[in-house]
$ cat my_file-v1.cif   # mmCIF, C-alpha atoms
data_final
loop_
_atom_site.label_atom_id
_atom_site.label_comp_id
_atom_site.auth_asym_id
_atom_site.auth_seq_id
_atom_site.Cartn_x
_atom_site.Cartn_y
_atom_site.Cartn_z
CA MET A 1 135.63 154.49 85.36
CA TRP A 2 135.58 151.28 87.35
CA CYS A 3 132.99 152.79 89.70
CA ARG A 4 130.63 153.51 86.78
CA TRP A 5 131.10 149.91 85.59
CA LEU A 6 130.18 148.51 89.01
CA LEU A 7 127.05 150.67 89.17
CA ARG A 8 125.73 149.64 85.76
CA PRO A 9 122.53 147.54 85.91
CA PRO A 10 123.05 143.85 85.17
CA LEU A 11 122.41 142.66 81.64
CA SER A 12 118.88 141.39 81.12
CA PRO A 13 118.79 137.65 80.50
CA GLY A 14 116.22 138.32 77.79
CA PRO A 15 112.95 136.51 77.26
CA ARG A 16 112.85 132.80 78.04
CA SER A 17 112.84 130.63 75.00
CA PRO A 18 109.44 128.97 74.61
CA PHE A 19 111.14 126.24 72.58
CA ARG A 20 113.32 125.25 75.53
CA ALA A 21 110.30 124.97 77.85
CA GLN A 22 108.33 123.07 75.23
CA SER A 23 111.27 120.74 74.70
CA ALA A 24 111.39 119.91 78.43
CA LEU A 25 107.63 119.35 78.55
CA ALA A 26 107.77 117.21 75.42
CA GLN A 27 110.47 115.07 77.02
CA LEU A 28 108.38 114.75 80.18
CA LYS A 29 105.34 113.70 78.13
CA HIS A 30 107.43 111.16 76.23
CA VAL A 31 108.74 109.63 79.46
CA LEU A 32 105.28 109.49 81.06
CA GLU A 33 103.64 107.97 78.00
CA GLY A 34 106.30 105.27 77.94
CA GLU A 35 105.70 104.46 81.61
CA LEU A 36 101.91 104.36 81.15
CA GLU A 37 102.15 102.19 78.06
CA GLY A 38 104.34 99.77 79.97
CA ILE A 39 101.66 99.47 82.68
CA ARG A 40 98.96 98.86 80.06
CA GLY A 41 101.11 96.34 78.23
CA ALA A 42 101.73 94.38 81.41
CA GLY A 43 98.01 94.15 82.07
CA THR A 44 98.37 95.94 85.41
CA TRP A 45 96.44 99.13 84.59
CA LYS A 46 94.15 100.10 87.46
CA SER A 47 90.84 101.70 86.54
CA GLU A 48 88.61 103.43 89.06
CA ARG A 49 85.00 102.33 89.02
CA VAL A 50 82.56 105.00 90.17
CA ILE A 51 80.04 104.15 92.89
CA THR A 52 76.83 106.20 92.88
CA SER A 53 75.41 105.04 96.22
CA LYS A 54 76.39 104.61 99.85
CA GLN A 55 79.03 102.05 100.71
CA GLY A 56 77.54 98.72 101.69
CA PRO A 57 77.01 95.10 100.62
CA HIS A 58 74.67 96.27 97.84
CA ILE A 59 75.74 99.27 95.79
CA HIS A 60 75.18 101.02 92.46
CA VAL A 61 78.08 101.38 90.05
CA GLU A 62 78.25 103.84 87.17
CA GLY A 63 77.88 102.00 83.87
CA SER A 64 76.29 98.92 85.47
CA ARG A 65 72.61 98.19 85.71
CA GLY A 66 70.79 97.38 88.88
CA ASP A 67 71.99 96.23 92.25
CA ILE A 68 75.67 95.20 92.54
CA LEU A 69 76.99 92.94 95.29
CA ASN A 70 80.14 94.48 96.76
CA PHE A 71 82.83 92.02 97.84
CA CYS A 72 85.90 94.26 97.80
CA ALA A 73 85.41 96.88 100.52
CA ASN A 74 87.24 97.10 103.85
CA ASN A 75 83.81 97.62 105.42
CA TYR A 76 84.29 94.56 107.62
CA LEU A 77 81.59 95.34 110.18
CA GLY A 78 79.22 97.10 107.81
CA LEU A 79 79.43 100.32 109.82
CA SER A 80 80.20 102.68 106.93
CA SER A 81 76.48 103.30 106.42
CA HIS A 82 75.19 102.30 109.86
CA PRO A 83 72.42 104.77 110.78
CA GLU A 84 73.82 105.46 114.25
CA VAL A 85 77.30 106.11 112.84
CA ILE A 86 75.89 108.49 110.23
CA ARG A 87 73.80 110.29 112.87
CA ALA A 88 76.85 110.75 115.09
CA GLY A 89 78.76 112.26 112.17
CA LEU A 90 75.94 114.69 111.40
CA ASP A 91 75.66 115.71 115.06
CA ALA A 92 79.41 116.39 115.25
CA LEU A 93 79.27 118.36 111.98
CA GLU A 94 76.49 120.59 113.28
CA LYS A 95 78.03 121.12 116.73
CA TYR A 96 81.75 121.39 115.88
CA GLY A 97 81.79 122.56 112.25
CA ALA A 98 83.28 121.21 109.03
CA GLY A 99 86.89 121.40 110.13
CA LEU A 100 89.51 123.11 112.29
CA SER A 101 91.64 124.88 109.65
CA SER A 102 94.61 124.14 111.88
CA VAL A 103 97.05 121.55 113.05
CA ARG A 104 96.51 120.07 116.50
CA PHE A 105 99.08 122.05 118.49
CA ILE A 106 97.95 125.49 117.29
CA CYS A 107 94.16 125.61 117.49
CA GLY A 108 93.08 122.26 116.10
CA THR A 109 92.28 120.18 119.18
CA GLN A 110 88.66 119.89 120.27
CA ASN A 111 87.32 117.92 123.19
CA ILE A 112 86.00 115.27 120.77
CA HIS A 113 89.56 114.60 119.55
CA LYS A 114 90.76 114.02 123.10
CA ASP A 115 87.70 111.91 123.88
CA LEU A 116 88.29 109.67 120.85
CA GLU A 117 91.98 109.24 121.71
CA GLU A 118 91.02 108.20 125.24
CA LYS A 119 88.42 105.78 123.86
CA ILE A 120 90.93 104.19 121.46
CA ALA A 121 93.46 103.68 124.27
CA ARG A 122 90.76 102.13 126.47
CA PHE A 123 89.59 99.83 123.67
CA HIS A 124 93.13 98.53 123.08
CA GLN A 125 93.91 98.55 126.82
CA ARG A 126 96.89 100.86 126.30
CA GLU A 127 97.99 103.99 128.17
CA GLU A 128 97.37 106.63 125.50
CA ALA A 129 96.64 107.20 121.82
CA ILE A 130 97.28 109.85 119.18
CA LEU A 131 95.18 110.57 116.06
CA TYR A 132 96.48 111.02 112.51
CA ALA A 133 94.84 111.85 109.20
CA SER A 134 95.41 108.22 108.13
CA CYS A 135 97.26 105.13 109.26
CA PHE A 136 99.66 105.76 106.37
CA ASP A 137 100.56 108.97 108.22
CA ALA A 138 100.80 107.11 111.53
CA ASN A 139 103.30 104.70 109.97
CA ALA A 140 105.17 107.55 108.30
CA GLY A 141 105.41 109.37 111.61
CA ILE A 142 106.47 106.81 114.19
CA PHE A 143 109.77 105.30 113.03
CA GLU A 144 111.53 108.57 112.22
CA ALA A 145 110.44 110.11 115.51
CA LEU A 146 111.42 107.11 117.63
CA LEU A 147 114.46 105.48 116.03
CA THR A 148 117.99 106.82 115.50
CA PRO A 149 121.26 105.45 114.04
CA GLU A 150 121.78 103.87 117.46
CA ASP A 151 118.73 101.62 116.94
CA ALA A 152 117.69 98.68 114.75
CA VAL A 153 114.37 97.88 113.10
CA LEU A 154 113.42 94.43 111.78
CA SER A 155 110.58 94.30 109.26
CA ASP A 156 108.58 91.49 107.61
CA GLU A 157 109.28 91.54 103.86
CA LEU A 158 105.55 91.69 103.03
CA ASN A 159 104.67 94.53 105.38
CA HIS A 160 102.34 97.19 104.04
CA ALA A 161 103.85 99.89 101.84
CA SER A 162 103.24 102.51 104.54
CA ILE A 163 105.41 100.57 107.03
CA ILE A 164 108.13 100.15 104.40
CA ASP A 165 108.05 103.86 103.54
CA GLY A 166 107.99 104.87 107.21
CA ILE A 167 111.05 102.73 107.94
CA ARG A 168 112.85 104.24 104.95
CA LEU A 169 112.42 107.68 106.52
CA CYS A 170 114.20 106.74 109.74
CA LYS A 171 117.94 106.46 110.30
CA ALA A 172 117.88 103.19 112.21
CA ASN A 173 119.79 100.14 110.98
CA LYS A 174 117.35 98.14 108.87
CA TYR A 175 116.86 94.37 108.66
CA ARG A 176 114.22 92.59 106.57
CA TYR A 177 113.16 89.05 107.43
CA LYS A 178 111.33 86.54 105.23
CA HIS A 179 107.57 86.60 105.45
CA MET A 180 106.44 85.11 108.77
CA ASP A 181 109.67 83.08 108.91
CA MET A 182 110.63 82.88 112.57
CA GLN A 183 113.94 81.18 111.90
CA ASP A 184 114.95 84.07 109.66
CA LEU A 185 113.69 86.62 112.18
CA GLU A 186 115.84 85.04 114.89
CA SER A 187 118.82 85.08 112.53
CA LYS A 188 118.26 88.79 111.87
CA LEU A 189 117.89 89.49 115.59
CA GLN A 190 121.21 87.74 116.14
CA ASP A 191 122.75 89.83 113.33
CA ALA A 192 121.46 92.94 115.05
CA GLN A 193 123.09 91.79 118.28
CA ARG A 194 126.44 91.23 116.58
CA ALA A 195 126.33 94.40 114.51
CA ARG A 196 127.84 96.50 117.28
CA SER A 197 130.50 95.76 119.80
CA SER A 198 129.50 94.73 123.31
CA SER A 199 130.20 98.25 124.51
CA GLN A 200 128.01 99.79 121.79
CA LYS A 201 124.80 97.77 121.67
CA TYR A 202 121.77 99.21 119.96
CA ARG A 203 119.61 101.35 122.24
CA LEU A 204 116.42 99.83 120.82
CA ARG A 205 115.57 96.87 118.62
CA LEU A 206 112.06 97.03 117.17
CA VAL A 207 110.26 94.23 115.31
CA ALA A 208 107.61 95.62 112.95
CA THR A 209 104.89 93.49 111.39
CA ASP A 210 101.38 93.67 110.05
CA GLY A 211 99.00 91.86 112.36
CA ALA A 212 97.01 90.63 109.36
CA PHE A 213 98.49 90.95 105.87
CA SER A 214 96.08 92.68 103.53
CA MET A 215 97.02 90.97 100.27
CA ASP A 216 97.29 87.41 101.57
CA GLY A 217 94.81 87.22 104.43
CA ASP A 218 97.35 85.54 106.70
CA ILE A 219 97.95 86.41 110.34
CA ALA A 220 101.36 87.13 111.83
CA PRO A 221 102.63 84.50 114.32
CA LEU A 222 102.63 87.01 117.16
CA LYS A 223 103.26 84.47 119.94
CA GLU A 224 106.51 83.41 118.31
CA ILE A 225 107.45 87.00 117.44
CA CYS A 226 106.88 88.09 121.03
CA ASN A 227 108.87 85.14 122.39
CA LEU A 228 111.83 85.98 120.15
CA SER A 229 111.54 89.66 121.00
CA GLN A 230 111.68 88.89 124.71
CA LYS A 231 114.68 86.60 124.15
CA TYR A 232 116.61 89.31 122.27
CA LYS A 233 115.24 92.30 124.21
CA ALA A 234 113.31 93.79 121.29
CA ILE A 235 109.99 95.64 121.33
CA VAL A 236 107.06 94.64 119.12
CA PHE A 237 105.11 96.97 116.82
CA ILE A 238 102.05 95.80 114.86
CA ASP A 239 99.88 97.43 112.20
CA GLU A 240 96.29 96.34 112.86
CA CYS A 241 94.42 97.98 109.97
CA HIS A 242 92.99 94.66 108.80
CA ALA A 243 92.32 93.31 112.28
CA THR A 244 90.95 96.11 114.49
CA GLY A 245 87.26 95.68 115.15
CA PHE A 246 86.77 92.04 114.23
CA LEU A 247 89.69 89.76 115.16
CA GLY A 248 89.80 88.45 118.72
CA PRO A 249 86.91 87.75 121.12
CA ASN A 250 86.15 91.47 121.49
CA GLY A 251 87.49 92.69 118.16
CA ARG A 252 90.64 94.22 119.62
CA GLY A 253 92.85 92.62 116.96
CA THR A 254 95.49 89.98 116.44
CA ASP A 255 97.18 90.56 119.80
CA GLU A 256 93.88 89.72 121.53
CA LEU A 257 93.22 86.83 119.14
CA LEU A 258 96.61 85.26 119.93
CA GLY A 259 96.74 86.16 123.62
CA VAL A 260 99.72 88.54 123.58
CA MET A 261 98.13 91.90 124.39
CA ASP A 262 100.56 92.41 127.25
CA GLN A 263 103.59 91.73 125.02
CA VAL A 264 102.89 94.05 122.07
CA ALA A 265 104.26 97.50 122.87
CA VAL A 266 102.86 99.64 120.04
CA ILE A 267 99.80 99.41 117.80
CA ASN A 268 99.06 101.48 114.71
CA SER A 269 95.65 101.14 113.13
CA THR A 270 92.94 102.90 111.14
CA LEU A 271 89.49 104.39 111.50
CA GLY A 272 89.00 104.00 107.76
CA LYS A 273 88.08 100.32 107.58
CA ALA A 274 86.04 98.48 110.22
CA LEU A 275 85.60 101.52 112.47
CA GLY A 276 83.24 103.54 110.32
CA GLY A 277 85.25 103.57 107.12
CA ALA A 278 85.68 107.34 106.75
CA ALA A 279 89.32 108.26 107.38
CA GLY A 280 91.90 108.63 110.12
CA GLY A 281 94.55 106.54 111.82
CA TYR A 282 96.21 106.32 115.20
CA THR A 283 99.06 105.07 117.33
CA THR A 284 98.38 103.65 120.78
CA GLY A 285 100.92 102.53 123.35
CA PRO A 286 102.98 103.85 126.28
CA LYS A 287 102.24 107.42 127.36
CA ALA A 288 105.87 108.49 126.96
CA LEU A 289 105.84 107.34 123.31
CA ILE A 290 102.62 109.22 122.57
CA ASP A 291 104.05 112.34 124.23
CA LEU A 292 107.14 112.06 122.03
CA LEU A 293 105.04 111.68 118.86
CA ARG A 294 103.10 114.85 119.72
CA GLN A 295 106.44 116.68 119.83
CA ARG A 296 108.30 115.10 116.90
CA SER A 297 106.02 113.21 114.52
CA ARG A 298 105.97 115.27 111.33
CA PRO A 299 102.69 113.98 109.82
CA TYR A 300 100.99 114.86 113.13
CA LEU A 301 102.63 118.25 113.51
CA PHE A 302 102.07 119.40 109.92
CA SER A 303 98.64 117.97 109.05
CA ASN A 304 95.22 119.40 109.77
CA SER A 305 93.17 117.84 112.55
CA LEU A 306 90.67 115.14 111.71
CA PRO A 307 87.32 116.72 110.69
CA PRO A 308 84.70 116.62 113.45
CA ALA A 309 82.29 114.51 111.38
CA VAL A 310 84.96 111.82 110.97
CA VAL A 311 85.70 111.90 114.69
CA GLY A 312 82.00 111.60 115.51
CA CYS A 313 81.52 108.61 113.20
CA ALA A 314 84.56 106.75 114.52
CA SER A 315 83.63 107.42 118.13
CA ARG A 316 80.16 105.97 117.67
CA ALA A 317 81.55 102.97 115.80
CA LEU A 318 83.82 102.23 118.76
CA ASP A 319 80.86 102.58 121.12
CA LEU A 320 78.90 99.99 119.15
CA LEU A 321 81.86 97.65 119.20
CA MET A 322 82.47 97.99 122.94
CA GLU A 323 78.77 97.58 123.74
CA SER A 324 78.61 94.15 122.05
CA ASN A 325 80.92 91.77 120.24
CA ALA A 326 78.03 90.28 118.24
CA ILE A 327 78.90 92.16 115.05
CA ALA A 328 82.57 91.20 115.28
CA GLN A 329 81.72 87.55 115.82
CA SER A 330 79.16 87.34 113.02
CA MET A 331 81.82 87.26 110.32
CA ALA A 332 83.50 84.01 111.30
CA ALA A 333 80.75 81.71 109.98
CA LYS A 334 80.36 83.76 106.80
CA THR A 335 84.09 83.70 106.15
CA THR A 336 84.20 79.92 106.65
CA ARG A 337 81.21 79.48 104.32
CA PHE A 338 82.87 81.39 101.47
CA ARG A 339 86.29 79.78 101.88
CA SER A 340 84.97 76.21 102.11
CA LYS A 341 82.65 76.56 99.09
CA MET A 342 85.37 78.14 96.94
CA ALA A 343 87.89 75.46 97.89
CA ALA A 344 85.36 72.73 97.12
CA ALA A 345 84.88 74.28 93.66
CA GLY A 346 88.61 73.99 92.98
CA PHE A 347 89.87 77.51 93.69
CA THR A 348 92.99 78.19 95.77
CA ILE A 349 92.22 80.61 98.59
CA SER A 350 95.16 82.13 100.43
CA GLY A 351 95.24 83.13 104.07
CA ASN A 352 94.18 81.78 107.43
CA ASN A 353 90.43 82.04 108.03
CA HIS A 354 90.54 85.82 107.64
CA PRO A 355 87.70 87.72 105.90
CA ILE A 356 90.29 88.74 103.31
CA CYS A 357 90.00 85.81 100.90
CA PRO A 358 92.49 86.06 98.02
CA VAL A 359 91.45 83.90 95.06
CA MET A 360 94.87 83.01 93.64
CA LEU A 361 95.06 83.07 89.82
CA GLY A 362 98.72 83.85 89.05
CA ASP A 363 98.25 85.71 85.75
CA ALA A 364 97.57 89.46 85.87
CA ARG A 365 95.45 89.53 82.72
CA LEU A 366 93.35 86.61 83.92
CA ALA A 367 92.67 88.35 87.24
CA SER A 368 91.66 91.55 85.46
CA LEU A 369 89.42 89.82 82.88
CA MET A 370 87.69 87.68 85.48
CA ALA A 371 87.05 90.72 87.72
CA ASP A 372 85.51 92.58 84.75
CA ASP A 373 83.23 89.65 83.92
CA MET A 374 82.22 89.28 87.58
CA LEU A 375 81.04 92.90 87.54
CA LYS A 376 79.01 92.29 84.40
CA LYS A 377 77.23 89.56 86.37
CA GLY A 378 76.62 91.84 89.36
CA ILE A 379 79.57 90.98 91.62
CA TYR A 380 82.06 93.77 92.39
CA VAL A 381 85.57 92.38 93.00
CA ILE A 382 89.01 93.67 92.00
CA GLY A 383 92.02 91.94 90.51
CA PHE A 384 95.39 92.68 92.11
CA SER A 385 98.71 92.28 90.35
CA TYR A 386 102.26 93.64 90.33
CA PRO A 387 103.43 95.99 91.85
CA VAL A 388 100.74 95.62 94.54
CA VAL A 389 101.59 91.90 94.81
CA PRO A 390 104.67 90.01 93.53
CA LYS A 391 104.88 89.07 89.86
CA GLY A 392 103.15 85.77 89.15
CA LYS A 393 100.98 86.12 92.26
CA ALA A 394 97.98 87.93 90.76
CA ARG A 395 94.71 87.33 92.52
CA ILE A 396 91.16 88.56 93.01
CA ARG A 397 90.80 89.66 96.61
CA VAL A 398 87.37 88.95 98.09
CA GLN A 399 86.44 90.58 101.39
CA ILE A 400 83.63 89.32 103.56
CA SER A 401 81.52 91.77 105.58
CA ALA A 402 79.32 91.16 108.60
CA VAL A 403 76.40 92.57 106.59
CA HIS A 404 76.69 90.05 103.75
CA SER A 405 73.91 87.49 103.86
CA GLU A 406 74.44 83.78 103.23
CA GLU A 407 72.56 84.27 99.95
CA ASP A 408 75.03 87.02 98.97
CA ILE A 409 77.98 84.70 99.64
CA ASP A 410 76.44 81.78 97.73
CA ARG A 411 75.72 84.00 94.73
CA CYS A 412 79.32 85.24 94.74
CA VAL A 413 80.66 81.66 94.77
CA GLU A 414 78.34 80.57 91.97
CA THR A 415 79.45 83.51 89.81
CA PHE A 416 83.10 82.74 90.46
CA ILE A 417 82.55 79.17 89.28
CA GLU A 418 80.78 80.34 86.11
CA VAL A 419 83.39 82.96 85.23
CA GLY A 420 86.29 80.72 86.26
CA ARG A 421 85.17 78.00 83.83
CA LYS A 422 84.77 80.54 81.04
CA HIS A 423 88.37 81.71 81.40
CA GLY A 424 89.94 78.30 82.08
CA ALA A 425 90.66 78.93 85.76
CA LEU A 426 88.53 75.86 86.54
CA PRO A 427 88.16 72.65 84.52
#
$ encode --input "my_file-v1.cif" --output "structure tokens"
Amino acid sequence: MWCRWLLRPPLSPGPRSPFRAQSALAQLKHVLEGELEGIRGAGTWKSERVITSKQGPHIHVEGSRGDILNFCANNYLGLSSHPEVIRAGLDALEKYGAGLSSVRFICGTQNIHKDLEEKIARFHQREEAILYASCFDANAGIFEALLTPEDAVLSDELNHASIIDGIRLCKANKYRYKHMDMQDLESKLQDAQRARSSSQKYRLRLVATDGAFSMDGDIAPLKEICNLSQKYKAIVFIDECHATGFLGPNGRGTDELLGVMDQVAVINSTLGKALGGAAGGYTTGPKALIDLLRQRSRPYLFSNSLPPAVVGCASRALDLLMESNAIAQSMAAKTTRFRSKMAAAGFTISGNNHPICPVMLGDARLASLMADDMLKKGIYVIGFSYPVVPKGKARIRVQISAVHSEEDIDRCVETFIEVGRKHGALP
């Protein structure tokens, strides 16, 4: 009897109740609608404007008539639509195909990937480099692979979200210091020294900072950071996404600009801004670190290789940069022109002579309304507000490109003055 009972088929659970599934979906919809309404109510809703032309200083935008002046791209050197960069991408596409359909360590490494990595390392004067699909991936991949519970990482409180997320993934002991506050950084370094007994000091202490901060246009005090790091035996990591290609005498970034290239151990940066603007990121530094990342960095190990066309574009962009620093140097005067004219008009411009020029407005709705009116007058800029920047720190971020003319800059300033007066941002 008991044998027959054991051999009986299990009872069927019966058909799933559609009401239960609908109830769960209805709850999900209710939660999402509440979240979205909260974003709209706060005036922080982000709409995506559609561009119908190539990237450049002059573009066409869906829903707008005529030529629009673009002052919000990361196209610092104007290479996104440079004819030689485009030609290099087309040549790589024809010779190497659309993509690899593989990660690097299986069958996704072509000679052009190795050539670009060597070129990046040479440009930054480092031992080796490793490519990623984006710098977000590079930041997501380095801290977890390098740092353990026996280590400590000290991070600027206004570091880019990708650095913050990458640090969250690692198991190191985490310290956050006030933005560019060297006294607080030293205090945190001292805390990291005291956190373990003398017989159990941290293996590594790593200070992580943006070289140039994308929302504020200010530049990290790398000389002071490097001095403190030497004093407390820490290594320095910098994210150079908003510096590579145009800061420093040869465009190598903030470490070149501030004369500390030999003191910064690790650089993460992007190919998706000044260097062609397509996609891709990288880490460059000591060979042993790059070797470790090839073995352990999850975004590298589990992501497809960069498409050949992207590699070709970035490689040619680097060639242009290493052949002449004229493009990189052309932005300084244009940046000064915009900043000085805006300040004279009564606007507050954040940052330190960087082509990122945040026009500080404070109120999120004001930033959004002014950006909309600027577009109606042919100037494409974007308002930024919480959670991208702190509450009460809303701004319109203007970005100067080497391919903007002086007439472009003057027209942008004049439009800001007109729109600013309309909305009460200027007297």
$ residues_around --input "my_file-v1.cif" --residues "A:Gly66" --least-positions-apart "6" --cutoff "12 Å" --atoms "all atoms listed in the file" --output "PDB file with C-alpha atoms, keeping the file's coordinate frame"
ATOM      1  CA  THR A  52      76.830 106.200  92.880  1.00  0.00           C
ATOM      2  CA  SER A  53      75.410 105.040  96.220  1.00  0.00           C
ATOM      3  CA  HIS A  58      74.670  96.270  97.840  1.00  0.00           C
ATOM      4  CA  ILE A  59      75.740  99.270  95.790  1.00  0.00           C
ATOM      5  CA  HIS A  60      75.180 101.020  92.460  1.00  0.00           C
ATOM      6  CA  LEU A 375      81.040  92.900  87.540  1.00  0.00           C
ATOM      7  CA  LYS A 376      79.010  92.290  84.400  1.00  0.00           C
ATOM      8  CA  LYS A 377      77.230  89.560  86.370  1.00  0.00           C
ATOM      9  CA  GLY A 378      76.620  91.840  89.360  1.00  0.00           C
ATOM     10  CA  ILE A 379      79.570  90.980  91.620  1.00  0.00           C
TER      11      ILE A 379
END
$ resolve_selection --input "my_file-v1.cif" --expression "the PyMOL selection byres ((chain A and resi 417) around 12)" --output "PyMOL selection string"
chain A and resi 341-347+359+370+373-374+410-416+418-427
$ closest_atom_pairs --input "my_file-v1.cif" --of "stretch 282-344 of chain A" --to "stretch 401-406 of chain A" --cutoff "8 Å" --atoms "all atoms listed in the file" --output "CSV"
residue,atom,partner,partner_atom,distance
A:Ile327,CA,A:Ala402,CA,6.5
A:Ala328,CA,A:Ala402,CA,7.4
A:Ser330,CA,A:Ala402,CA,5.8
A:Met331,CA,A:Ala402,CA,4.9
A:Lys334,CA,A:Glu406,CA,6.9
$ resolve_selection --input "my_file-v1.cif" --expression "the PyMOL selection byres ((chain A and resi 180) around 7)" --output "ChimeraX atom specification"
/A:156,178-179,181-182,220-221
$ residues_around --input "my_file-v1.cif" --residues "A:Lys391" --least-positions-apart "6" --cutoff "12 Å" --atoms "only C-alpha atoms" --output "VMD selection string"
chain A and resid 42 to 44 361 to 365 384 to 385
$ write_last_selection --input "my_file-v1.cif" --atoms "C-alpha atoms" --output "PDB file, in the frame of the given file"
ATOM      1  CA  ALA A  42     101.730  94.380  81.410  1.00  0.00           C
ATOM      2  CA  GLY A  43      98.010  94.150  82.070  1.00  0.00           C
ATOM      3  CA  THR A  44      98.370  95.940  85.410  1.00  0.00           C
ATOM      4  CA  LEU A 361      95.060  83.070  89.820  1.00  0.00           C
ATOM      5  CA  GLY A 362      98.720  83.850  89.050  1.00  0.00           C
ATOM      6  CA  ASP A 363      98.250  85.710  85.750  1.00  0.00           C
ATOM      7  CA  ALA A 364      97.570  89.460  85.870  1.00  0.00           C
ATOM      8  CA  ARG A 365      95.450  89.530  82.720  1.00  0.00           C
ATOM      9  CA  PHE A 384      95.390  92.680  92.110  1.00  0.00           C
ATOM     10  CA  SER A 385      98.710  92.280  90.350  1.00  0.00           C
TER      11      SER A 385
END
$ closest_residue --input "my_file-v1.cif" --among "A:Ala234, A:Leu258, A:Leu320, A:Val266" --to "A:Thr284" --atoms "all atoms listed in the file"
A:Val266
$ residues_around --input "my_file-v1.cif" --residues "A:Val388" --least-positions-apart "6" --cutoff "10 Å" --atoms "all atoms listed in the file" --output "PyMOL selection string"
chain A and resi 44+160-161+215+394
$ resolve_selection --input "my_file-v1.cif" --expression "the PyMOL selection byres ((chain A and resi 157) around 12)" --output "ChimeraX atom specification"
/A:154-156,158-161,163-164,174-181,184-185,207-210,213,389-390
$ closest_residue --input "my_file-v1.cif" --among "A:Ala326, A:Leu321, A:Ile120, A:Leu77" --to "A:Gly285" --atoms "only C-alpha atoms"
A:Ile120
$ residues_around --input "my_file-v1.cif" --residues "A:Ile235" --least-positions-apart "3" --cutoff "12 Å" --atoms "all atoms listed in the file" --output "PyMOL selection string"
chain A and resi 151-154+189+203-209+225-232+238+262-267+285-286
$ closest_residue --input "my_file-v1.cif" --among "A:Glu407, A:Asp291, A:Asp239, A:Glu127" --to "A:Asn139" --atoms "only C-alpha atoms"
A:Asp239
$ residues_near_point --input "my_file-v1.cif" --point "(89.5, 90.2, 115.4)" --cutoff "12 Å" --atoms "all atoms listed in the file" --output "PyMOL selection string"
chain A and resi 76-77+124+211-212+219+240-259+274+321+325-332+353-355
$ residues_around --input "my_file-v1.cif" --residues "A:Gln55" --least-positions-apart "4" --cutoff "10 Å" --atoms "only C-alpha atoms" --output "number ranges by chain"
A: 51, 59-60, 70, 73, 75, 78-82, 277
